$ cat target18.cif   # mmCIF, C-alpha atoms
data_target
#
loop_
_atom_site.label_atom_id
_atom_site.label_comp_id
_atom_site.auth_asym_id
_atom_site.auth_seq_id
_atom_site.Cartn_x
_atom_site.Cartn_y
_atom_site.Cartn_z
CA MET A 1 34.20 -11.47 -0.41
CA ASN A 2 34.63 -7.69 0.04
CA THR A 3 37.54 -6.23 2.01
CA GLY A 4 35.39 -5.14 4.95
CA LYS A 5 33.96 -8.61 5.39
CA LYS A 6 37.44 -10.17 5.15
CA VAL A 7 38.71 -7.90 7.92
CA LEU A 8 35.68 -8.57 10.11
CA THR A 9 36.03 -12.32 9.58
CA ALA A 10 39.73 -12.16 10.41
CA LEU A 11 39.10 -10.18 13.59
CA LEU A 12 36.40 -12.61 14.68
CA ALA A 13 38.70 -15.54 13.98
CA ALA A 14 41.56 -14.05 15.98
CA GLY A 15 39.29 -13.17 18.89
CA LEU A 16 37.68 -16.57 19.02
CA SER A 17 41.06 -18.25 19.00
CA PHE A 18 41.91 -16.87 22.41
CA ALA A 19 38.50 -17.00 24.08
CA MET A 20 38.31 -18.73 27.45
CA LEU A 21 37.26 -22.37 27.14
CA THR A 22 34.33 -23.08 29.42
CA GLY A 23 33.47 -26.72 28.79
CA VAL A 24 30.03 -27.55 27.40
CA ASN A 25 28.81 -24.87 25.02
CA PRO A 26 25.31 -23.42 25.20
CA GLY A 27 22.97 -24.67 22.53
CA LYS A 28 24.76 -27.99 22.08
CA VAL A 29 22.55 -31.07 21.80
CA GLU A 30 23.80 -33.83 24.06
CA ALA A 31 25.00 -36.80 22.02
CA ALA A 32 27.47 -39.60 22.50
CA ALA A 33 31.06 -39.07 21.41
CA LYS A 34 31.97 -41.05 18.31
CA LYS A 35 35.27 -42.13 16.79
CA TYR A 36 35.93 -41.73 13.05
CA PRO A 37 38.81 -42.74 10.75
CA ALA A 38 40.81 -40.15 8.81
CA LEU A 39 39.88 -40.81 5.18
CA LEU A 40 40.56 -37.71 3.11
CA LYS A 41 43.43 -35.29 2.46
CA ILE A 42 43.32 -32.28 0.14
CA ASN A 43 46.71 -30.65 -0.50
CA ASP A 44 48.29 -30.09 2.95
CA TYR A 45 45.02 -30.43 4.87
CA TYR A 46 43.54 -33.59 6.30
CA VAL A 47 39.77 -33.14 5.98
CA LEU A 48 38.34 -34.89 9.01
CA TYR A 49 34.89 -33.69 10.04
CA THR A 50 32.49 -32.37 7.39
CA ALA A 51 28.94 -31.17 8.10
CA PRO A 52 26.40 -32.66 8.25
CA LYS A 53 28.24 -35.99 8.47
CA ALA A 54 31.86 -37.09 8.42
CA PRO A 55 33.29 -38.70 5.26
CA TYR A 56 32.76 -42.44 5.28
CA VAL A 57 33.43 -45.55 3.19
CA ASP A 58 30.32 -47.17 1.74
CA ALA A 59 29.59 -50.85 1.12
CA ASN A 60 31.42 -50.65 -2.23
CA TYR A 61 34.58 -49.27 -0.59
CA ARG A 62 34.12 -45.79 -2.00
CA THR A 63 34.88 -42.70 0.13
CA MET A 64 31.74 -40.59 0.29
CA ILE A 65 31.71 -36.84 0.97
CA PRO A 66 28.84 -34.31 1.10
CA LEU A 67 27.94 -32.22 -1.91
CA ARG A 68 28.64 -29.05 0.10
CA SER A 69 32.28 -30.08 0.54
CA ILE A 70 32.70 -30.53 -3.20
CA SER A 71 31.76 -26.93 -3.74
CA GLU A 72 33.67 -25.41 -0.82
CA LEU A 73 36.84 -27.51 -0.77
CA MET A 74 37.24 -28.59 -4.38
CA GLY A 75 36.26 -25.29 -5.96
CA ALA A 76 33.53 -26.69 -8.17
CA LYS A 77 30.22 -25.07 -9.07
CA VAL A 78 27.38 -27.21 -7.76
CA SER A 79 23.64 -27.25 -8.48
CA TYR A 80 20.99 -29.68 -7.27
CA ASP A 81 17.68 -30.54 -8.91
CA ALA A 82 15.50 -31.72 -6.02
CA LYS A 83 12.76 -33.04 -8.30
CA ALA A 84 15.15 -35.18 -10.36
CA ARG A 85 17.39 -35.83 -7.32
CA THR A 86 20.35 -35.01 -9.53
CA ALA A 87 23.47 -32.94 -8.81
CA ALA A 88 25.46 -31.18 -11.52
CA ILE A 89 29.09 -30.46 -10.61
CA GLU A 90 31.06 -28.17 -12.92
CA LYS A 91 34.79 -27.43 -12.88
CA ASP A 92 37.18 -26.33 -15.65
CA SER A 93 34.52 -26.72 -18.39
CA VAL A 94 33.66 -30.27 -17.32
CA THR A 95 30.20 -31.04 -15.94
CA VAL A 96 29.58 -34.28 -14.06
CA LYS A 97 26.06 -35.34 -13.09
CA PHE A 98 25.09 -37.79 -10.36
CA THR A 99 21.63 -39.02 -9.37
CA ILE A 100 20.72 -40.32 -5.93
CA GLY A 101 20.34 -44.09 -5.95
CA SER A 102 21.67 -44.48 -9.50
CA LYS A 103 24.93 -45.98 -10.79
CA SER A 104 24.72 -43.77 -13.85
CA VAL A 105 27.11 -40.83 -14.14
CA SER A 106 27.42 -38.44 -17.07
CA VAL A 107 30.35 -36.27 -18.16
CA ASN A 108 29.45 -33.35 -20.44
CA GLY A 109 26.31 -35.24 -21.40
CA VAL A 110 28.03 -38.54 -22.18
CA ALA A 111 26.56 -41.34 -20.05
CA GLY A 112 28.70 -43.74 -18.07
CA SER A 113 28.46 -45.95 -15.00
CA MET A 114 30.12 -46.52 -11.64
CA ASP A 115 30.12 -49.27 -9.03
CA THR A 116 28.30 -47.41 -6.27
CA VAL A 117 25.44 -44.92 -5.86
CA PRO A 118 25.12 -41.42 -4.40
CA VAL A 119 22.87 -41.29 -1.32
CA MET A 120 20.97 -38.78 0.77
CA GLU A 121 22.27 -38.51 4.34
CA GLN A 122 20.87 -36.01 6.83
CA ASN A 123 19.34 -33.96 3.99
CA SER A 124 22.64 -33.81 2.13
CA MET A 125 23.69 -35.66 -1.01
CA PHE A 126 26.86 -37.74 -0.63
CA ILE A 127 29.07 -38.39 -3.67
CA PRO A 128 31.90 -40.92 -4.23
CA VAL A 129 34.90 -38.57 -4.25
CA SER A 130 37.15 -40.89 -6.29
CA VAL A 131 34.59 -41.13 -9.10
CA LEU A 132 34.16 -37.36 -9.16
CA ALA A 133 37.90 -36.65 -9.07
CA GLY A 134 38.52 -39.07 -11.93
CA ARG A 135 35.84 -37.50 -14.11
CA LEU A 136 37.06 -33.97 -13.37
CA GLY A 137 40.71 -34.83 -13.97
CA ILE A 138 41.82 -33.92 -10.45
CA VAL A 139 45.13 -35.48 -9.44
CA SER A 140 44.36 -38.11 -6.80
CA LYS A 141 45.91 -41.06 -5.02
CA TRP A 142 44.56 -43.94 -2.94
CA ASP A 143 46.75 -45.13 -0.07
CA GLN A 144 45.56 -48.69 0.49
CA ALA A 145 47.70 -49.32 3.55
CA ASN A 146 46.34 -46.29 5.40
CA GLN A 147 42.91 -46.16 3.74
CA LEU A 148 43.51 -42.52 2.79
CA TYR A 149 42.33 -40.75 -0.37
CA THR A 150 44.42 -37.71 -1.39
CA LEU A 151 43.58 -34.92 -3.84
CA THR A 152 46.10 -32.31 -4.98
CA GLY A 153 45.80 -29.22 -7.14
CA GLU A 154 46.27 -25.44 -7.12
CA THR A 155 42.54 -24.80 -7.48
CA LEU A 156 41.60 -26.87 -4.42
CA MET A 157 41.07 -25.44 -0.91
CA GLN A 158 40.66 -21.91 -2.28
CA THR A 159 37.56 -20.68 -0.45
CA ASP A 160 37.66 -17.19 1.07
CA MET A 161 37.69 -18.69 4.57
CA ILE A 162 40.73 -20.85 3.84
CA LYS A 163 42.67 -18.60 1.46
CA TYR A 164 42.08 -15.17 2.99
CA THR A 165 41.44 -15.91 6.64
CA LEU A 166 43.24 -19.14 7.54
CA GLU A 167 46.29 -18.91 5.31
CA ASP A 168 46.70 -15.12 5.36
CA MET A 169 46.44 -14.99 9.14
CA GLU A 170 48.43 -18.13 9.86
CA GLY A 171 51.68 -16.20 9.71
CA GLY A 172 50.45 -13.48 12.08
CA PRO A 173 52.04 -12.72 15.47
CA PHE A 174 49.24 -14.40 17.44
CA THR A 175 48.54 -17.35 15.15
CA ALA A 176 51.87 -18.40 13.61
CA PRO A 177 53.48 -21.59 14.96
CA PRO A 178 56.43 -20.90 17.33
CA GLY A 179 59.15 -21.99 14.96
CA LYS A 180 59.99 -22.42 11.28
CA ILE A 181 57.89 -25.06 9.54
CA ILE A 182 60.22 -27.78 8.28
CA SER A 183 57.53 -30.06 6.90
CA ASN A 184 53.75 -30.14 6.44
CA ASP A 185 53.87 -33.92 6.16
CA ALA A 186 55.28 -35.05 9.49
CA PHE A 187 52.13 -36.39 11.16
CA ARG A 188 49.23 -38.31 9.67
CA PRO A 189 45.91 -38.27 11.53
CA VAL A 190 44.70 -41.84 11.91
CA SER A 191 41.42 -41.17 13.70
CA TYR A 192 39.48 -38.55 15.61
CA THR A 193 36.67 -38.42 18.13
CA TYR A 194 33.90 -35.83 18.00
CA ASP A 195 31.92 -35.16 21.15
CA PRO A 196 29.11 -32.73 20.25
CA GLY A 197 27.94 -32.62 23.86
CA LYS A 198 31.28 -31.25 25.05
CA GLY A 199 31.95 -29.45 21.79
CA SER A 200 35.34 -31.13 21.37
CA PHE A 201 37.42 -32.95 18.80
CA THR A 202 40.32 -35.22 19.77
CA VAL A 203 42.71 -36.07 16.93
CA LYS A 204 45.11 -39.01 17.11
CA ALA A 205 48.07 -38.52 14.76
CA LYS A 206 51.05 -40.73 13.90
CA ASN A 207 54.66 -39.62 13.49
CA ILE A 208 55.54 -40.46 9.87
CA THR A 209 58.95 -38.76 9.72
CA GLY A 210 60.82 -41.99 10.49
CA LYS A 211 62.65 -40.24 13.35
CA ASP A 212 62.14 -39.39 17.02
CA ILE A 213 60.75 -35.86 17.39
CA PRO A 214 61.90 -33.73 20.35
CA ALA A 215 59.54 -31.82 22.62
CA GLY A 216 58.26 -28.62 21.05
CA ALA A 217 58.70 -29.69 17.41
CA ALA A 218 55.49 -31.65 16.82
CA ASP A 219 52.78 -29.35 15.48
CA VAL A 220 49.48 -31.09 14.80
CA ALA A 221 47.35 -28.04 14.07
CA ALA A 222 43.57 -28.47 14.14
CA TYR A 223 41.37 -25.76 12.62
CA ILE A 224 37.62 -25.66 13.21
CA LEU A 225 35.74 -23.90 10.41
CA TYR A 226 32.24 -22.52 10.83
CA ASP A 227 29.97 -20.94 8.24
CA ASP A 228 31.19 -17.40 8.96
CA THR A 229 34.47 -17.69 10.85
CA LEU A 230 37.20 -20.11 11.91
CA GLN A 231 39.03 -21.11 15.05
CA PHE A 232 42.83 -21.32 15.15
CA PRO A 233 44.63 -23.74 17.46
CA PRO A 234 46.27 -22.07 20.49
CA GLN A 235 49.70 -20.80 19.51
CA GLU A 236 51.27 -21.80 22.80
CA ARG A 237 50.23 -25.35 23.59
CA VAL A 238 51.90 -28.50 24.83
CA ARG A 239 53.94 -30.17 22.10
CA PRO A 240 55.34 -33.38 23.61
CA ALA A 241 58.23 -35.43 22.30
CA VAL A 242 57.07 -38.22 19.98
CA ARG A 243 59.00 -41.40 19.30
CA LYS A 244 59.56 -42.80 15.81
CA GLU A 245 56.26 -44.31 14.61
CA GLY A 246 54.64 -43.03 17.81
CA THR A 247 51.37 -41.14 18.14
CA LEU A 248 50.06 -38.13 19.99
CA GLU A 249 46.58 -36.80 20.70
CA VAL A 250 45.43 -33.21 20.33
CA THR A 251 42.09 -31.98 21.71
CA VAL A 252 40.37 -28.78 20.60
CA LYS A 253 37.08 -27.36 21.87
CA THR A 254 34.61 -25.27 19.95
CA GLU A 255 34.60 -21.70 21.22
CA THR A 256 31.23 -20.69 19.81
CA PRO A 257 27.74 -22.22 19.96
CA SER A 258 27.71 -22.41 16.15
CA THR A 259 27.81 -25.87 14.60
CA PRO A 260 31.21 -26.75 13.07
CA ALA A 261 31.29 -27.06 9.29
CA TYR A 262 34.76 -28.66 9.01
CA LEU A 263 37.70 -29.88 11.02
CA LEU A 264 40.92 -29.44 9.04
CA VAL A 265 44.29 -30.66 10.31
CA LYS A 266 47.90 -30.06 9.29
CA GLY A 267 50.57 -32.45 10.60
CA ARG A 268 53.66 -30.23 10.72
CA LEU A 269 57.21 -30.43 12.02
CA LEU A 270 58.80 -27.30 13.50
CA ASP A 271 62.41 -26.17 13.84
CA ARG A 272 62.78 -25.24 17.52
CA SER A 273 66.58 -25.13 17.50
CA GLU A 274 66.61 -21.42 18.39
CA ASN A 275 64.21 -21.84 21.33
#
$ encode --input "target18.cif" --output "structure tokens"
Amino acid sequence: MNTGKKVLTALLAAGLSFAMLTGVNPGKVEAAAKKYPALLKINDYYVLYTAPKAPYVDANYRTMIPLRSISELMGAKVSYDAKARTAAIEKDSVTVKFTIGSKSVSVNGVAGSMDTVPVMEQNSMFIPVSVLAGRLGIVSKWDQANQLYTLTGETLMQTDMIKYTLEDMEGGPFTAPPGKIISNDAFRPVSYTYDPGKGSFTVKAKNITGKDIPAGAADVAAYILYDDTLQFPPQERVRPAVRKEGTLEVTVKTETPSTPAYLLVKGRLLDRSEN
């Protein structure tokens, strides 16, 4: 991404963050709101919504994510052979190949098998993320109690939109949280609702600090990413007190008629002792 485009993207992101919310967005197709579980975390970000369909658990209890997300969030090089219905995913000199409807999986040309199959959903190939992570050597963990799959690594979440726009701007005067960040692991999203008709996401998150949190310190930050820009959460927003093991809900509305590509969430705890 060249410098001019980075600046333009950053300016668009900052402007959109403070646009007036007007309810239903033009160009939205009316559809019923739907509730989804939170299934995936990559580094400090909970990856909730992904276009064209949210991550889901298939009949073989594997978390499935779209091929696009593998490229954009995991930093892998992806190619798709439509005739063979096969995807090749390359990262750190390892190439993993999946075929739609097949339990076969190959790593650098060596054939193997898995217990589920990639599928085509809404014109996008969905891959079992645990199988891919294992073959690529990505550090991962499955939380059985909370049904959450976590990936960690320095090469993950490094797209231009995340690295240069979200993370570079997050400390800015209009986008930084109002207080020092004590922890990025204070709240765990348990579910979210997406209402495409209203253009809104509502995230339900649980306090996992083991302590009561005073008003102003809970910071469940929801970022909506589009293809060419992103939307920051309002800097000044209601941050209610949350009891130990309690939950809170945060609602964000899309501020552009563009279709969201991702909803990313950080569950932070702030130091508000000086406020």
$ closest_atom_pairs --input "target18.cif" --of "range 111-226 of chain A" --to "range 79-103 of chain A" --cutoff "8 Å" --atoms "all atoms listed in the file" --output "Markdown table"
| residue | atom | partner | partner_atom | distance |
| --- | --- | --- | --- | --- |
| A:Ser113 | CA | A:Lys103 | CA | 5.5 |
| A:Met114 | CA | A:Lys103 | CA | 5.3 |
| A:Asp115 | CA | A:Lys103 | CA | 6.4 |
| A:Thr116 | CA | A:Lys103 | CA | 5.8 |
| A:Val117 | CA | A:Lys103 | CA | 5.1 |
| A:Pro118 | CA | A:Ile100 | CA | 4.8 |
| A:Val119 | CA | A:Ile100 | CA | 5.2 |
| A:Met120 | CA | A:Ile100 | CA | 6.9 |
| A:Met125 | CA | A:Ile100 | CA | 7.4 |
| A:Ile127 | CA | A:Phe98 | CA | 7.8 |
| A:Leu132 | CA | A:Val96 | CA | 7.4 |
| A:Arg135 | CA | A:Val96 | CA | 7.0 |
| A:Leu136 | CA | A:Val94 | CA | 6.4 |
$ atom_distance --input "target18.cif" --atom1 "CA of Ala51 in chain A" --atom2 "CA of Arg68 in chain A"
8.3 Å
$ atom_distance --input "target18.cif" --atom1 "CA of Gly112 in chain A" --atom2 "CA of Leu148 in chain A"
25.6 Å
$ resolve_selection --input "target18.cif" --expression "the PyMOL selection byres ((chain A and resi 210-217) around 12)" --output "PDB file with C-alpha atoms, keeping the file's coordinate frame"
ATOM      1  CA  PRO A 177      53.480 -21.590  14.960  1.00  0.00           C
ATOM      2  CA  PRO A 178      56.430 -20.900  17.330  1.00  0.00           C
ATOM      3  CA  GLY A 179      59.150 -21.990  14.960  1.00  0.00           C
ATOM      4  CA  LYS A 180      59.990 -22.420  11.280  1.00  0.00           C
ATOM      5  CA  ILE A 181      57.890 -25.060   9.540  1.00  0.00           C
ATOM      6  CA  ILE A 182      60.220 -27.780   8.280  1.00  0.00           C
ATOM      7  CA  SER A 183      57.530 -30.060   6.900  1.00  0.00           C
ATOM      8  CA  ASP A 185      53.870 -33.920   6.160  1.00  0.00           C
ATOM      9  CA  ALA A 186      55.280 -35.050   9.490  1.00  0.00           C
ATOM     10  CA  PHE A 187      52.130 -36.390  11.160  1.00  0.00           C
ATOM     11  CA  LYS A 206      51.050 -40.730  13.900  1.00  0.00           C
ATOM     12  CA  ASN A 207      54.660 -39.620  13.490  1.00  0.00           C
ATOM     13  CA  ILE A 208      55.540 -40.460   9.870  1.00  0.00           C
ATOM     14  CA  THR A 209      58.950 -38.760   9.720  1.00  0.00           C
ATOM     15  CA  ALA A 218      55.490 -31.650  16.820  1.00  0.00           C
ATOM     16  CA  ASP A 219      52.780 -29.350  15.480  1.00  0.00           C
ATOM     17  CA  VAL A 220      49.480 -31.090  14.800  1.00  0.00           C
ATOM     18  CA  ALA A 221      47.350 -28.040  14.070  1.00  0.00           C
ATOM     19  CA  GLN A 235      49.700 -20.800  19.510  1.00  0.00           C
ATOM     20  CA  GLU A 236      51.270 -21.800  22.800  1.00  0.00           C
ATOM     21  CA  ARG A 237      50.230 -25.350  23.590  1.00  0.00           C
ATOM     22  CA  VAL A 238      51.900 -28.500  24.830  1.00  0.00           C
ATOM     23  CA  ARG A 239      53.940 -30.170  22.100  1.00  0.00           C
ATOM     24  CA  PRO A 240      55.340 -33.380  23.610  1.00  0.00           C
ATOM     25  CA  ALA A 241      58.230 -35.430  22.300  1.00  0.00           C
ATOM     26  CA  VAL A 242      57.070 -38.220  19.980  1.00  0.00           C
ATOM     27  CA  ARG A 243      59.000 -41.400  19.300  1.00  0.00           C
ATOM     28  CA  LYS A 244      59.560 -42.800  15.810  1.00  0.00           C
ATOM     29  CA  GLU A 245      56.260 -44.310  14.610  1.00  0.00           C
ATOM     30  CA  GLY A 246      54.640 -43.030  17.810  1.00  0.00           C
ATOM     31  CA  THR A 247      51.370 -41.140  18.140  1.00  0.00           C
ATOM     32  CA  LEU A 248      50.060 -38.130  19.990  1.00  0.00           C
ATOM     33  CA  GLY A 267      50.570 -32.450  10.600  1.00  0.00           C
ATOM     34  CA  ARG A 268      53.660 -30.230  10.720  1.00  0.00           C
ATOM     35  CA  LEU A 269      57.210 -30.430  12.020  1.00  0.00           C
ATOM     36  CA  LEU A 270      58.800 -27.300  13.500  1.00  0.00           C
ATOM     37  CA  ASP A 271      62.410 -26.170  13.840  1.00  0.00           C
ATOM     38  CA  ARG A 272      62.780 -25.240  17.520  1.00  0.00           C
ATOM     39  CA  SER A 273      66.580 -25.130  17.500  1.00  0.00           C
ATOM     40  CA  GLU A 274      66.610 -21.420  18.390  1.00  0.00           C
ATOM     41  CA  ASN A 275      64.210 -21.840  21.330  1.00  0.00           C
TER      42      ASN A 275
END
$ resolve_selection --input "target18.cif" --expression "the PyMOL selection byres ((chain A and resi 139) around 9)" --output "list of chain:residue names"
A:Ala133, A:Gly134, A:Gly137, A:Ile138, A:Ser140, A:Lys141, A:Thr150, A:Leu151, A:Thr152, A:Gly153
$ closest_atom_pairs --input "target18.cif" --of "range 233-262 of chain A" --to "range 160-167 of chain A" --cutoff "12 Å" --atoms "only C-alpha atoms" --output "CSV"
residue,atom,partner,partner_atom,distance
A:Pro233,CA,A:Leu166,CA,11.0
A:Ala261,CA,A:Met161,CA,11.5
A:Tyr262,CA,A:Ile162,CA,11.1
$ closest_residue --input "target18.cif" --among "A:Val78, A:Thr251, A:Tyr223, A:Met64" --to "Glu170 in chain A" --atoms "only C-alpha atoms"
A:Tyr223
$ build_atoms --input "target18.cif" --residues "range 147-160 of chain A" --atoms "N, CA, C and O atoms" --output "CSV table (one decimal), in the frame of the given file"
chain,number,residue,atom,x,y,z
A,147,GLN,N,44.3,-46.5,4.1
A,147,GLN,CA,42.9,-46.2,3.7
A,147,GLN,C,42.7,-44.6,3.6
A,147,GLN,O,41.7,-44.1,4.2
A,148,LEU,N,43.6,-44.0,2.9
A,148,LEU,CA,43.5,-42.5,2.8
A,148,LEU,C,43.4,-42.1,1.3
A,148,LEU,O,44.3,-42.6,0.5
A,149,TYR,N,42.5,-41.3,1.0
A,149,TYR,CA,42.3,-40.8,-0.4
A,149,TYR,C,42.8,-39.3,-0.4
A,149,TYR,O,42.4,-38.5,0.4
A,150,THR,N,43.8,-39.0,-1.3
A,150,THR,CA,44.4,-37.7,-1.4
A,150,THR,C,44.1,-37.0,-2.7
A,150,THR,O,44.3,-37.7,-3.8
A,151,LEU,N,43.8,-35.7,-2.7
A,151,LEU,CA,43.6,-34.9,-3.8
A,151,LEU,C,44.6,-33.8,-3.8
A,151,LEU,O,44.8,-33.2,-2.7
A,152,THR,N,45.2,-33.4,-4.9
A,152,THR,CA,46.1,-32.3,-5.0
A,152,THR,C,45.8,-31.4,-6.2
A,152,THR,O,45.4,-31.9,-7.2
A,153,GLY,N,46.0,-30.1,-6.0
A,153,GLY,CA,45.8,-29.2,-7.1
A,153,GLY,C,45.8,-27.8,-6.7
A,153,GLY,O,45.3,-27.5,-5.5
A,154,GLU,N,46.2,-26.8,-7.5
A,154,GLU,CA,46.3,-25.4,-7.1
A,154,GLU,C,44.9,-24.8,-7.0
A,154,GLU,O,44.7,-23.8,-6.3
A,155,THR,N,43.9,-25.4,-7.6
A,155,THR,CA,42.5,-24.8,-7.5
A,155,THR,C,41.7,-25.4,-6.3
A,155,THR,O,40.6,-25.0,-6.1
A,156,LEU,N,42.3,-26.3,-5.6
A,156,LEU,CA,41.6,-26.9,-4.4
A,156,LEU,C,41.9,-26.1,-3.1
A,156,LEU,O,42.9,-25.4,-3.0
A,157,MET,N,41.0,-26.1,-2.2
A,157,MET,CA,41.1,-25.4,-0.9
A,157,MET,C,41.3,-23.9,-1.1
A,157,MET,O,42.1,-23.3,-0.5
A,158,GLN,N,40.5,-23.3,-2.0
A,158,GLN,CA,40.7,-21.9,-2.3
A,158,GLN,C,39.5,-21.1,-1.9
A,158,GLN,O,39.3,-20.0,-2.4
A,159,THR,N,38.7,-21.5,-0.9
A,159,THR,CA,37.6,-20.7,-0.4
A,159,THR,C,38.1,-19.4,0.2
A,159,THR,O,39.2,-19.4,0.7
A,160,ASP,N,37.3,-18.4,0.4
A,160,ASP,CA,37.7,-17.2,1.1
A,160,ASP,C,38.1,-17.5,2.5
A,160,ASP,O,39.1,-16.9,3.0
